[in-house]
>>> print(open('start27.cif').read())   # mmCIF, C-alpha atoms
data_input
#
loop_
_atom_site.label_atom_id
_atom_site.label_comp_id
_atom_site.auth_asym_id
_atom_site.auth_seq_id
_atom_site.Cartn_x
_atom_site.Cartn_y
_atom_site.Cartn_z
CA MET A 1 12.99 54.22 -52.55
CA THR A 2 14.90 51.12 -51.54
CA GLU A 3 16.00 49.94 -54.96
CA ILE A 4 19.19 51.37 -56.47
CA ILE A 5 18.66 52.59 -60.02
CA ASP A 6 21.60 52.14 -62.38
CA LEU A 7 21.85 55.41 -64.30
CA TRP A 8 24.89 54.41 -66.34
CA PRO A 9 24.61 53.17 -69.93
CA ASP A 10 24.34 49.38 -70.28
CA LYS A 11 27.62 49.31 -72.14
CA ILE A 12 30.17 51.93 -71.36
CA LYS A 13 31.70 52.69 -74.71
CA VAL A 14 35.46 53.13 -74.45
CA GLU A 15 37.06 55.25 -77.11
CA LYS A 16 40.63 54.26 -77.86
CA ILE A 17 42.74 57.32 -77.24
CA ILE A 18 46.51 57.48 -77.46
CA THR A 19 47.30 59.97 -74.75
CA PRO A 20 50.52 62.00 -74.53
CA PHE A 21 51.46 59.77 -71.57
CA ILE A 22 51.23 56.67 -73.77
CA ILE A 23 53.27 58.35 -76.50
CA LEU A 24 55.98 59.20 -73.96
CA ARG A 25 55.96 55.64 -72.61
CA GLN A 26 56.37 54.28 -76.12
CA GLN A 27 59.33 56.58 -76.74
CA ALA A 28 60.85 55.55 -73.41
CA ALA A 29 60.74 51.90 -74.44
CA LEU A 30 62.19 52.68 -77.85
CA LEU A 31 65.13 54.54 -76.34
CA GLY A 32 66.05 51.38 -74.43
CA LYS A 33 65.81 49.32 -77.61
CA LYS A 34 68.00 51.73 -79.56
CA THR A 35 70.72 51.81 -76.90
CA LYS A 36 70.57 48.13 -75.91
CA ASN A 37 69.08 49.12 -72.54
CA ILE A 38 72.28 50.94 -71.57
CA ILE A 39 70.17 54.08 -71.52
CA GLN A 40 66.50 53.83 -70.68
CA GLY A 41 63.64 56.25 -70.81
CA LYS A 42 61.34 56.48 -67.81
CA VAL A 43 58.09 58.34 -67.45
CA TYR A 44 56.99 59.32 -63.95
CA ASP A 45 53.74 60.74 -62.66
CA LEU A 46 54.36 64.07 -60.97
CA ARG A 47 50.82 64.80 -59.87
CA LEU A 48 51.49 63.99 -56.25
CA ASP A 49 54.36 66.48 -56.22
CA SER A 50 52.61 69.23 -58.13
CA ASP A 51 49.88 71.79 -57.45
CA LEU A 52 47.59 70.16 -59.95
CA ARG A 53 44.28 69.09 -58.50
CA SER A 54 43.06 67.61 -61.73
CA GLY A 55 44.69 66.80 -65.02
CA PHE A 56 47.94 65.03 -65.65
CA HIS A 57 51.60 65.89 -65.13
CA TYR A 58 54.41 63.59 -66.24
CA THR A 59 58.15 63.84 -66.56
CA PHE A 60 60.39 62.05 -69.07
CA LEU A 61 63.80 61.07 -67.75
CA ILE A 62 66.83 59.42 -69.25
CA VAL A 63 68.09 56.80 -66.77
CA VAL A 64 71.37 54.87 -66.86
CA PRO A 65 71.26 51.82 -64.55
CA ALA A 66 74.94 51.12 -65.21
CA LEU A 67 75.84 54.51 -63.73
CA SER A 68 74.06 53.92 -60.41
CA ASP A 69 70.76 54.91 -61.99
CA TYR A 70 71.97 58.34 -63.10
CA GLN A 71 68.96 60.40 -64.25
CA TYR A 72 68.61 63.37 -66.58
CA LYS A 73 65.28 65.12 -67.04
CA ILE A 74 64.43 65.85 -70.68
CA LEU A 75 60.93 67.28 -70.40
CA ASP A 76 57.69 67.28 -68.55
CA ILE A 77 54.15 67.60 -69.84
CA ILE A 78 50.89 68.88 -68.40
CA TYR A 79 47.43 68.35 -69.85
CA GLY A 80 43.82 68.16 -68.82
CA MET A 81 40.87 65.89 -69.54
CA SER A 82 40.53 67.33 -73.05
CA ILE A 83 44.08 65.96 -73.67
CA TYR A 84 45.05 68.78 -76.03
CA PRO A 85 46.52 71.36 -75.74
CA VAL A 86 49.53 69.88 -73.93
CA ILE A 87 52.07 72.11 -72.21
CA ILE A 88 55.63 70.86 -72.65
CA ASN A 89 58.32 72.20 -70.34
CA ILE A 90 61.92 71.84 -71.45
CA GLU A 91 65.24 73.24 -70.31
CA GLU A 92 66.74 76.33 -71.90
CA ASP A 93 69.45 74.49 -73.85
CA ILE A 94 66.98 72.09 -75.45
CA TRP A 95 64.43 74.85 -76.07
CA LYS A 96 67.04 76.72 -78.11
CA ASP A 97 67.22 73.71 -80.46
CA ILE A 98 63.48 73.66 -81.15
CA PRO A 99 62.76 75.17 -84.58
CA PRO A 100 61.04 78.58 -84.38
CA ARG A 101 58.02 77.35 -86.36
CA PHE A 102 56.80 75.71 -83.17
CA TYR A 103 57.00 79.08 -81.46
CA ASP A 104 54.75 80.46 -84.17
CA GLN A 105 52.18 77.82 -83.35
CA GLY A 106 51.31 79.30 -80.02
CA ALA A 107 54.57 78.94 -78.09
CA ARG A 108 55.40 81.36 -75.34
CA THR A 109 58.81 82.59 -76.28
CA THR A 110 59.41 84.27 -72.96
CA THR A 111 59.31 80.93 -71.08
CA ARG A 112 60.68 77.44 -71.63
CA GLN A 113 57.25 76.19 -72.49
CA ILE A 114 55.83 74.97 -75.76
CA ILE A 115 52.18 74.19 -76.36
CA ALA A 116 51.07 71.37 -78.63
CA LYS A 117 47.49 71.81 -79.82
CA SER A 118 47.08 68.35 -81.32
CA GLU A 119 48.56 64.86 -81.32
CA ASP A 120 50.37 65.59 -84.59
CA GLU A 121 51.92 68.75 -83.14
CA PHE A 122 52.90 66.91 -79.95
CA ILE A 123 54.67 64.21 -81.95
CA GLU A 124 56.47 66.79 -84.10
CA ILE A 125 57.66 68.67 -81.05
CA LEU A 126 58.82 65.47 -79.35
CA ARG A 127 60.73 64.53 -82.48
CA ALA A 128 62.46 67.91 -82.45
CA ILE A 129 63.34 67.53 -78.77
CA PHE A 130 64.67 63.99 -79.07
CA ASN A 131 66.72 64.92 -82.14
CA SER A 132 68.05 68.15 -80.63
CA THR A 133 71.78 68.75 -80.33
CA LYS A 134 71.58 68.88 -76.55
CA VAL A 135 69.72 65.59 -76.13
CA MET A 136 72.00 63.80 -78.58
CA ARG A 137 75.01 65.14 -76.70
CA ILE A 138 73.60 63.93 -73.38
CA ILE A 139 73.01 60.45 -74.81
CA SER A 140 76.49 60.31 -76.36
CA VAL A 141 78.15 61.28 -73.10
CA LEU A 142 76.15 58.75 -71.12
CA LEU A 143 76.79 55.96 -73.61
CA SER A 144 80.51 56.68 -73.69
CA GLN A 145 80.61 56.78 -69.91
CA SER A 146 78.72 53.49 -69.59
CA ASP A 147 80.35 51.43 -72.28
CA PRO A 148 83.89 52.33 -73.35
CA SER A 149 83.57 49.87 -76.22
CA TYR A 150 80.32 51.37 -77.54
CA ASP A 151 80.38 51.69 -81.30
CA PRO A 152 78.31 54.71 -82.46
CA SER A 153 77.69 53.02 -85.82
CA LEU A 154 75.55 50.48 -84.01
CA LYS A 155 73.00 53.24 -83.43
CA GLU A 156 72.16 52.96 -87.13
CA GLU A 157 70.98 49.36 -86.76
CA GLU A 158 67.35 48.82 -87.53
CA ILE A 159 65.61 47.19 -84.64
CA SER A 160 63.03 44.94 -86.26
CA GLN A 161 59.59 45.33 -84.72
CA MET B 1 57.55 27.80 -69.82
CA LYS B 2 60.16 27.62 -67.08
CA THR B 3 62.24 30.54 -65.87
CA THR B 4 65.94 29.95 -66.53
CA PHE B 5 68.76 31.12 -64.26
CA LEU B 6 72.52 31.15 -64.80
CA PHE B 7 75.10 31.70 -62.08
CA TRP B 8 78.81 32.00 -62.77
CA ASN B 9 81.87 33.15 -60.88
CA ILE B 10 83.83 34.45 -63.85
CA ASN B 11 87.11 35.14 -62.06
CA ARG B 12 87.35 38.76 -63.32
CA ARG B 13 87.67 37.46 -66.89
CA PRO B 14 86.35 39.49 -69.85
CA ILE B 15 84.20 36.63 -71.17
CA GLN B 16 81.12 38.62 -72.12
CA SER B 17 80.98 36.87 -75.50
CA ILE B 18 80.84 33.47 -73.83
CA ILE B 19 78.16 34.69 -71.41
CA ARG B 20 76.14 35.93 -74.38
CA LYS B 21 76.42 32.54 -76.09
CA LEU B 22 75.21 30.80 -72.94
CA ALA B 23 72.40 33.31 -72.56
CA LEU B 24 71.24 32.71 -76.12
CA LYS B 25 71.74 28.94 -76.12
CA HIS B 26 69.78 28.38 -72.92
CA GLN B 27 67.42 31.37 -73.21
CA VAL B 28 68.53 32.54 -69.79
CA ASP B 29 66.10 34.88 -68.06
CA VAL B 30 68.29 35.85 -65.09
CA ILE B 31 72.09 36.01 -65.30
CA MET B 32 73.95 36.26 -61.99
CA LEU B 33 77.70 36.89 -62.03
CA ALA B 34 80.32 36.95 -59.30
CA GLU B 35 83.83 38.39 -59.65
CA CYS B 36 82.59 40.32 -62.65
CA GLU B 37 84.64 43.31 -63.75
CA ILE B 38 82.83 43.74 -67.07
CA GLN B 39 81.29 47.22 -67.19
CA PRO B 40 77.49 46.96 -67.16
CA GLY B 41 77.29 49.10 -70.26
CA THR B 42 79.66 46.76 -72.08
CA MET B 43 77.75 43.70 -70.94
CA LEU B 44 74.40 45.16 -71.97
CA SER B 45 75.85 46.15 -75.32
CA ILE B 46 76.86 42.59 -76.12
CA LEU B 47 73.91 40.81 -74.48
CA ASN B 48 71.44 43.01 -76.35
CA GLN B 49 73.08 42.71 -79.74
CA ASP B 50 70.77 41.48 -82.50
CA THR B 51 67.88 40.64 -80.22
CA ASN B 52 64.42 42.00 -79.55
CA ILE B 53 64.26 40.63 -76.02
CA LEU B 54 66.60 42.96 -74.16
CA TYR B 55 68.39 42.33 -70.91
CA ASP B 56 68.12 44.86 -68.12
CA TYR B 57 70.86 45.55 -65.59
CA ALA B 58 69.55 45.21 -62.04
CA PRO B 59 72.19 46.51 -59.63
CA ASP B 60 72.19 46.42 -55.85
CA ASP B 61 74.17 49.33 -54.43
CA ASN B 62 74.68 47.39 -51.20
CA CYS B 63 76.18 44.35 -52.89
CA LYS B 64 78.73 45.16 -55.54
CA LYS B 65 80.04 41.59 -55.55
CA ILE B 66 77.14 40.28 -57.61
CA ASP B 67 75.93 41.58 -60.98
CA ILE B 68 72.49 40.61 -62.21
CA TYR B 69 71.08 40.95 -65.71
CA THR B 70 67.54 39.96 -66.50
CA ARG B 71 65.25 39.69 -69.51
CA PHE B 72 62.46 40.86 -67.27
CA SER B 73 62.20 44.51 -66.39
CA SER B 74 64.56 45.41 -63.56
CA GLU B 75 61.41 46.54 -61.75
CA CYS B 76 60.49 42.85 -61.43
CA ILE B 77 63.61 42.05 -59.42
CA VAL B 78 63.41 44.41 -56.47
CA THR B 79 66.20 44.62 -53.94
CA ILE B 80 65.34 43.95 -50.30
CA ASP B 81 67.51 46.01 -48.03
CA ASP B 82 68.14 45.32 -44.39
CA PRO B 83 69.24 48.69 -43.02
CA LEU B 84 70.41 47.05 -39.79
CA SER B 85 72.75 44.64 -41.46
CA GLU B 86 75.86 45.22 -43.52
CA ILE B 87 76.43 41.95 -45.31
CA ASP B 88 77.77 43.08 -48.66
CA ARG B 89 78.29 39.60 -50.06
CA LEU B 90 74.60 38.79 -50.37
CA THR B 91 72.00 40.40 -52.58
CA MET B 92 68.38 39.68 -51.75
CA ARG B 93 65.79 40.17 -54.47
CA HIS B 94 62.06 39.83 -54.56
CA LEU B 95 61.47 38.38 -58.00
CA LYS B 96 57.93 39.31 -59.02
CA ILE B 97 57.17 38.53 -62.62
CA PRO B 98 53.60 39.37 -63.66
CA GLY B 99 51.56 36.21 -64.00
CA LEU B 100 54.14 34.03 -62.25
CA THR B 101 54.73 32.95 -58.66
CA ASP B 102 56.95 35.39 -56.82
CA ILE B 103 60.08 34.14 -55.07
CA LEU B 104 62.89 35.35 -52.88
CA LEU B 105 66.11 35.10 -54.88
CA LEU B 106 69.33 35.27 -52.86
CA VAL B 107 72.67 35.46 -54.62
CA THR B 108 75.97 35.36 -52.81
CA HIS B 109 79.71 35.32 -53.21
CA PHE B 110 80.69 34.09 -49.77
CA VAL B 111 83.99 34.74 -48.03
CA SER B 112 86.86 32.66 -49.28
CA LYS B 113 88.84 30.04 -47.42
CA ASP B 114 91.93 31.98 -48.48
CA ASN B 115 91.08 34.60 -45.89
CA TRP B 116 88.80 32.87 -43.37
CA THR B 117 89.03 29.66 -41.38
CA ASP B 118 86.29 27.05 -41.55
CA SER B 119 85.09 28.11 -38.10
CA SER B 120 84.87 31.75 -39.10
CA GLN B 121 82.93 30.76 -42.19
CA SER B 122 80.49 28.81 -40.00
CA PHE B 123 79.87 31.80 -37.77
CA GLU B 124 79.27 33.95 -40.84
CA TRP B 125 76.80 31.41 -42.20
CA TYR B 126 74.86 31.84 -38.98
CA ARG B 127 74.62 35.60 -39.72
CA PHE B 128 73.49 34.80 -43.27
CA SER B 129 70.80 32.42 -42.07
CA LYS B 130 69.37 35.11 -39.77
CA LYS B 131 69.35 37.60 -42.62
CA ILE B 132 67.57 35.07 -44.86
CA GLU B 133 64.91 34.47 -42.23
CA TRP B 134 64.46 38.23 -41.83
CA ALA B 135 63.95 38.65 -45.57
CA GLU B 136 61.40 35.84 -45.58
CA ARG B 137 59.45 37.57 -42.80
CA VAL B 138 59.53 40.84 -44.78
CA ILE B 139 58.26 39.18 -47.95
CA GLY B 140 55.77 37.00 -46.11
CA HIS B 141 56.71 33.61 -47.55
CA SER B 142 59.56 31.12 -47.80
CA ARG B 143 59.65 30.46 -51.52
CA THR B 144 63.38 31.04 -51.34
CA ILE B 145 66.28 30.03 -53.51
CA LEU B 146 69.90 30.69 -52.57
CA VAL B 147 72.51 30.52 -55.32
CA GLY B 148 76.12 31.51 -55.59
CA ASP B 149 79.73 30.73 -54.89
CA LEU B 150 79.41 29.61 -51.31
CA ASN B 151 83.15 28.89 -50.98
CA THR B 152 81.94 26.09 -48.71
CA SER B 153 81.27 22.48 -49.62
CA PRO B 154 77.77 21.01 -49.30
CA PHE B 155 78.97 18.77 -46.46
CA GLU B 156 80.68 21.46 -44.41
CA SER B 157 79.34 22.76 -41.14
CA GLY B 158 78.14 26.16 -42.37
CA VAL B 159 75.95 24.57 -45.03
CA ILE B 160 74.59 21.54 -43.15
CA SER B 161 74.24 22.77 -39.58
CA ALA B 162 70.87 23.88 -38.27
CA GLY B 163 72.29 27.26 -37.29
CA GLY B 164 73.77 27.69 -40.75
CA LEU B 165 71.94 27.01 -43.97
CA HIS B 166 70.59 23.64 -42.78
CA GLY B 167 70.97 22.24 -46.27
CA THR B 168 70.02 18.59 -46.59
CA MET B 169 70.73 16.14 -49.42
CA SER B 170 67.24 14.63 -49.26
CA ARG B 171 63.99 16.09 -50.57
CA ILE B 172 62.04 13.93 -48.16
CA ILE B 173 63.90 15.38 -45.21
CA ALA B 174 63.69 18.93 -46.58
CA ASN B 175 59.94 18.56 -47.06
CA LYS B 176 59.61 18.22 -43.32
CA LYS B 177 60.17 21.98 -43.48
CA LYS B 178 62.01 22.29 -40.17
CA ARG B 179 63.79 20.49 -37.36
CA ILE B 180 63.86 21.22 -33.65
CA VAL B 181 67.27 21.31 -32.02
CA GLN B 182 67.52 22.08 -28.31
CA GLY B 183 64.00 23.47 -28.32
CA LYS B 184 64.49 25.80 -31.28
CA GLU B 185 63.09 25.35 -34.80
CA TYR B 186 65.40 25.57 -37.79
CA PRO B 187 64.02 25.61 -41.34
CA PHE B 188 65.57 23.35 -43.98
CA PHE B 189 67.01 24.04 -47.37
CA TYR B 190 67.18 21.27 -49.94
CA ASN B 191 70.67 21.05 -51.43
CA PRO B 192 70.65 19.20 -54.75
CA MET B 193 74.38 19.86 -55.18
CA TRP B 194 75.16 16.70 -53.19
CA ASN B 195 74.30 14.90 -56.43
CA PHE B 196 77.28 16.53 -58.14
CA LEU B 197 79.97 15.29 -55.78
CA GLY B 198 82.32 12.97 -57.60
CA ASP B 199 82.33 11.58 -61.12
CA PHE B 200 79.70 8.83 -60.83
CA ASN B 201 77.64 10.38 -63.61
CA SER B 202 78.61 12.34 -66.69
CA ASN B 203 78.91 15.64 -64.82
CA PRO B 204 82.31 17.03 -63.88
CA PRO B 205 83.20 16.06 -60.28
CA GLY B 206 82.57 19.59 -59.06
CA THR B 207 82.47 23.25 -60.04
CA TYR B 208 85.94 24.31 -58.93
CA TYR B 209 89.28 22.54 -59.03
CA TYR B 210 92.05 23.23 -56.53
CA PRO B 211 94.90 20.75 -56.06
CA ASN B 212 96.23 21.90 -52.68
CA ALA B 213 99.48 20.30 -51.51
CA GLU B 214 98.33 19.16 -48.06
CA HIS B 215 97.67 15.60 -46.89
CA GLU B 216 93.93 16.23 -47.19
CA ALA B 217 93.08 17.29 -50.71
CA LEU B 218 89.65 17.06 -52.30
CA PHE B 219 90.89 18.44 -55.66
CA TRP B 220 87.34 19.01 -56.89
CA HIS B 221 84.96 21.21 -54.92
CA VAL B 222 81.28 21.98 -55.27
CA PHE B 223 81.49 25.56 -54.06
CA ASP B 224 78.95 26.91 -56.54
CA GLN B 225 75.58 25.80 -55.28
CA VAL B 226 71.81 26.18 -55.49
CA LEU B 227 69.74 25.60 -52.34
CA ILE B 228 65.96 25.61 -52.31
CA ARG B 229 63.43 26.00 -49.51
CA PRO B 230 60.82 23.22 -49.34
CA ASP B 231 58.05 25.72 -50.22
CA LEU B 232 59.61 26.07 -53.65
CA LEU B 233 60.55 22.42 -54.20
CA ASN B 234 57.40 21.57 -56.16
CA ARG B 235 58.62 24.06 -58.79
CA PHE B 236 62.12 22.62 -59.07
CA SER B 237 63.20 19.44 -60.76
CA ASN B 238 66.71 18.03 -60.26
CA GLU B 239 66.86 17.40 -64.00
CA ASP B 240 66.74 21.16 -64.54
CA LEU B 241 70.01 21.72 -62.68
CA LYS B 242 73.26 21.44 -64.61
CA ILE B 243 76.91 22.25 -64.32
CA LEU B 244 77.85 23.60 -67.75
CA THR B 245 81.15 22.69 -69.37
CA SER B 246 80.75 24.43 -72.73
CA ASP B 247 78.87 27.21 -74.50
CA GLY B 248 78.18 24.88 -77.39
CA GLU B 249 81.28 25.93 -79.29
CA THR B 250 84.02 26.37 -76.72
CA SER B 251 84.79 23.94 -73.93
CA PHE B 252 85.42 25.45 -70.51
CA LEU B 253 87.67 22.49 -69.66
CA ASN B 254 91.26 21.80 -70.63
CA GLU B 255 92.54 18.47 -71.90
CA SER B 256 92.64 17.15 -68.35
CA GLY B 257 88.98 17.97 -67.82
CA ILE B 258 89.79 20.81 -65.42
CA PRO B 259 88.27 24.32 -65.71
CA ASP B 260 90.53 26.26 -68.06
CA LYS B 261 90.85 29.75 -66.62
CA ASN B 262 92.59 30.95 -69.77
CA VAL B 263 89.53 30.11 -71.83
CA ALA B 264 86.68 30.94 -69.44
CA SER B 265 86.94 30.85 -65.65
CA ASP B 266 88.35 28.75 -62.82
CA HIS B 267 84.71 28.03 -61.86
CA LEU B 268 82.09 26.27 -63.93
CA PRO B 269 78.67 27.88 -64.38
CA LEU B 270 75.42 26.59 -62.93
CA LEU B 271 72.22 26.55 -64.95
CA PHE B 272 68.85 25.82 -63.39
CA ARG B 273 65.17 26.32 -64.08
CA LEU B 274 62.12 26.94 -61.98
CA ASP B 275 58.54 26.37 -63.00
CA LEU B 276 57.06 29.60 -61.70
#
>>> encode(input="start27.cif", output="structure tokens")
Amino acid sequence: MTEIIDLWPDKIKVEKIITPFIILRQQAALLGKKTKNIIQGKVYDLRLDSDLRSGFHYTFLIVVPALSDYQYKILDIIYGMSIYPVIINIEEDIWKDIPPRFYDQGARTTTRQIIAKSEDEFIEILRAIFNSTKVMRIISVLLSQSDPSYDPSLKEEEISQ
Amino acid sequence: MKTTFLFWNINRRPIQSIIRKLALKHQVDVIMLAECEIQPGTMLSILNQDTNILYDYAPDDNCKKIDIYTRFSSECIVTIDDPLSEIDRLTMRHLKIPGLTDILLLVTHFVSKDNWTDSSQSFEWYRFSKKIEWAERVIGHSRTILVGDLNTSPFESGVISAGGLHGTMSRIIANKKKRIVQGKEYPFFYNPMWNFLGDFNSNPPGTYYYPNAEHEALFWHVFDQVLIRPDLLNRFSNEDLKILTSDGETSFLNESGIPDKNVASDHLPLLFRLDL
């Protein structure tokens, strides 16, 4: 047989999926908007540094270019080709701020891991993390350090989309 | 749409509001500041007030004398480091904006005549020129623009000599790309700042005023300059280069037409555009 037979469908149908990585990237961009780019969110691919042979592993960092690119890791996520469930790893202090109802939804209370079984759960958990006392404290400290004139009331400004 | 650049030696003045007005008025894409003591967080806070197009701070840890803010992501303005060289008055950036032609952007605040003689400045310009050529070899092209407070006039040895910047006043000469002197090739820069010497047109006679008390006194100096390699000249129009004297509301000049350092700075800003 000399001819190559194309076994793929004529049109490869692409389903639009908003992956956890995309959600994190969106939140990273929004953090910059809310803090006038003084503090930025960055999402990095950790697969090369991890034991994962397949699947996806990303970390979400807070970065402050004005402080020589100071970085603080907020969370990292791991998921496979099925997307959900997503494993979310967070530090002890942030994990303490996550409402217990997330633990009831399959969380492993003996570790600093939380499992999100769906996109809705993932978004709810992210919201809890980003609104946690620890994360807000980190952002306040970094903003105060970067801009002595920073007015906290400006955080209430609506950024028009 | 052209990419807009602003360079200003702000003389350690807290004029972030004026910089913001200039940035908004001229839709500046890349702001380059020398003698800037404004905290980056403070500058970002005011630049990014009431706007959806945010500026990013793009520092160079090896060159603290220049601060750069850009409306592009800071990832588009990558620092080129020469580990073998310790020139801390020059920041070299590979400006790579998606969809646009990439360039080598060099920004400097050169050593001052207060501390160095003209001869010493010339020798230092030789070092600079070697570093520029190194960066061009690393990047693989010579679409280079050098901007900054050169603390040297366009007609002085360090700027015109082949071993220095080799900056010529003529596009036709610059477009010859290089000149051979004593068997060695030296690439040209085009220096449009020659057009700003004196008061023949409506521009101020220079960018910096210093009335020294010696017999020889120029009074006005064109220390703040933009020099362009011939490979980038087709993307630069002289009409797109200006010395700014106002932010639209506040004049940077006093009643005698001299830079008012109590209002803005003792230097005037340069604005230029490139069609990338």
>>> resolve_selection(input="start27.cif", expression="the PyMOL selection byres ((chain B) within 6 of (chain A))", output="PyMOL selection string")
chain B and resi 40-42+45+48
>>> closest_residue(input="start27.cif", among="B:Asp61, B:Glu156, B:His141, B:Phe219", to="B:His94", atoms="all atoms listed in the file")
B:His141
>>> closest_residue(input="start27.cif", among="B:Ile80, B:Ile10, B:Ile172, B:Ala213", to="B:Leu233", atoms="all atoms listed in the file")
B:Ile172
>>> resolve_selection(input="start27.cif", expression="the PyMOL selection byres ((chain B and resi 173-176) around 7)", output="PyMOL selection string")
chain B and resi 168+170-172+177-178+188-190+230
>>> resolve_selection(input="start27.cif", expression="the PyMOL selection byres ((chain B and resi 126) around 8)", output="list in words")
Ser122, Phe123, Glu124, Trp125, Arg127, Phe128, Ser129, Lys130, Gly158, Gly163, Gly164 and Leu165 of chain B
>>> atom_distance(input="start27.cif", atom1="atom CA of B:Ile139", atom2="atom CA of B:Gly167")
21.2 Å
>>> atom_distance(input="start27.cif", atom1="atom CA of B:Glu35", atom2="atom CA of B:Glu75")
23.9 Å
>>> residues_around(input="start27.cif", residues="B:Gly248", least_positions_apart="3", cutoff="12 Å", atoms="all atoms listed in the file", output="compact mmCIF listing (two decimals) with C-alpha atoms, in the coordinates of the input")
# COMPACT_ATOMS: atom_id res chain seq x y z
CA ILE B 18 80.84 33.47 -73.83
CA ILE B 19 78.16 34.69 -71.41
CA ARG B 20 76.14 35.93 -74.38
CA LYS B 21 76.42 32.54 -76.09
CA LEU B 22 75.21 30.80 -72.94
CA ALA B 23 72.40 33.31 -72.56
CA LEU B 24 71.24 32.71 -76.12
CA LYS B 25 71.74 28.94 -76.12
CA HIS B 26 69.78 28.38 -72.92
CA LEU B 244 77.85 23.60 -67.75
CA THR B 245 81.15 22.69 -69.37
CA SER B 251 84.79 23.94 -73.93
CA PHE B 252 85.42 25.45 -70.51
>>> closest_residue(input="start27.cif", among="A:Thr2, A:Gln113, A:Ser54, A:Thr59", to="A:Phe21", atoms="only C-alpha atoms")
A:Thr59
>>> atom_distance(input="start27.cif", atom1="atom CA of A:Val43", atom2="atom CA of A:Ile12")
28.9 Å
>>> residues_around(input="start27.cif", residues="B:Val222", least_positions_apart="6", cutoff="12 Å", atoms="all atoms listed in the file", output="PDB file with C-alpha atoms, in the frame of the given file")
ATOM      1  CA  GLY B 148      76.120  31.510 -55.590  1.00  0.00           C
ATOM      2  CA  ASP B 149      79.730  30.730 -54.890  1.00  0.00           C
ATOM      3  CA  LEU B 150      79.410  29.610 -51.310  1.00  0.00           C
ATOM      4  CA  ASN B 151      83.150  28.890 -50.980  1.00  0.00           C
ATOM      5  CA  THR B 152      81.940  26.090 -48.710  1.00  0.00           C
ATOM      6  CA  SER B 153      81.270  22.480 -49.620  1.00  0.00           C
ATOM      7  CA  PRO B 154      77.770  21.010 -49.300  1.00  0.00           C
ATOM      8  CA  PHE B 155      78.970  18.770 -46.460  1.00  0.00           C
ATOM      9  CA  GLU B 156      80.680  21.460 -44.410  1.00  0.00           C
ATOM     10  CA  VAL B 159      75.950  24.570 -45.030  1.00  0.00           C
ATOM     11  CA  ASN B 191      70.670  21.050 -51.430  1.00  0.00           C
ATOM     12  CA  PRO B 192      70.650  19.200 -54.750  1.00  0.00           C
ATOM     13  CA  MET B 193      74.380  19.860 -55.180  1.00  0.00           C
ATOM     14  CA  TRP B 194      75.160  16.700 -53.190  1.00  0.00           C
ATOM     15  CA  ASN B 195      74.300  14.900 -56.430  1.00  0.00           C
ATOM     16  CA  PHE B 196      77.280  16.530 -58.140  1.00  0.00           C
ATOM     17  CA  LEU B 197      79.970  15.290 -55.780  1.00  0.00           C
ATOM     18  CA  GLY B 198      82.320  12.970 -57.600  1.00  0.00           C
ATOM     19  CA  ASP B 199      82.330  11.580 -61.120  1.00  0.00           C
ATOM     20  CA  ASN B 203      78.910  15.640 -64.820  1.00  0.00           C
ATOM     21  CA  PRO B 204      82.310  17.030 -63.880  1.00  0.00           C
ATOM     22  CA  PRO B 205      83.200  16.060 -60.280  1.00  0.00           C
ATOM     23  CA  GLY B 206      82.570  19.590 -59.060  1.00  0.00           C
ATOM     24  CA  THR B 207      82.470  23.250 -60.040  1.00  0.00           C
ATOM     25  CA  TYR B 208      85.940  24.310 -58.930  1.00  0.00           C
ATOM     26  CA  TYR B 209      89.280  22.540 -59.030  1.00  0.00           C
ATOM     27  CA  TYR B 210      92.050  23.230 -56.530  1.00  0.00           C
ATOM     28  CA  ILE B 243      76.910  22.250 -64.320  1.00  0.00           C
ATOM     29  CA  HIS B 267      84.710  28.030 -61.860  1.00  0.00           C
ATOM     30  CA  LEU B 268      82.090  26.270 -63.930  1.00  0.00           C
ATOM     31  CA  PRO B 269      78.670  27.880 -64.380  1.00  0.00           C
ATOM     32  CA  LEU B 270      75.420  26.590 -62.930  1.00  0.00           C
TER      33      LEU B 270
END
>>> closest_residue(input="start27.cif", among="B:Met1, B:Val107, B:Ile97, B:Val30", to="B:Asp224", atoms="all atoms listed in the file")
B:Val107
>>> closest_residue(input="start27.cif", among="A:Glu15, A:Glu3, A:Asp10, A:Glu91", to="A:Ile114", atoms="only C-alpha atoms")
A:Glu91
>>> residues_around(input="start27.cif", residues="stretch 78-88 of chain A", least_positions_apart="6", cutoff="12 Å", atoms="only C-alpha atoms", output="PyMOL selection string")
chain A and resi 17-22+24+45-47+50-60+94-95+98+102+105-108+111-123+125-126+129
>>> closest_residue(input="start27.cif", among="B:Met32, B:Ala58, B:Ala162, B:Leu47", to="B:Gln16", atoms="only C-alpha atoms")
B:Leu47
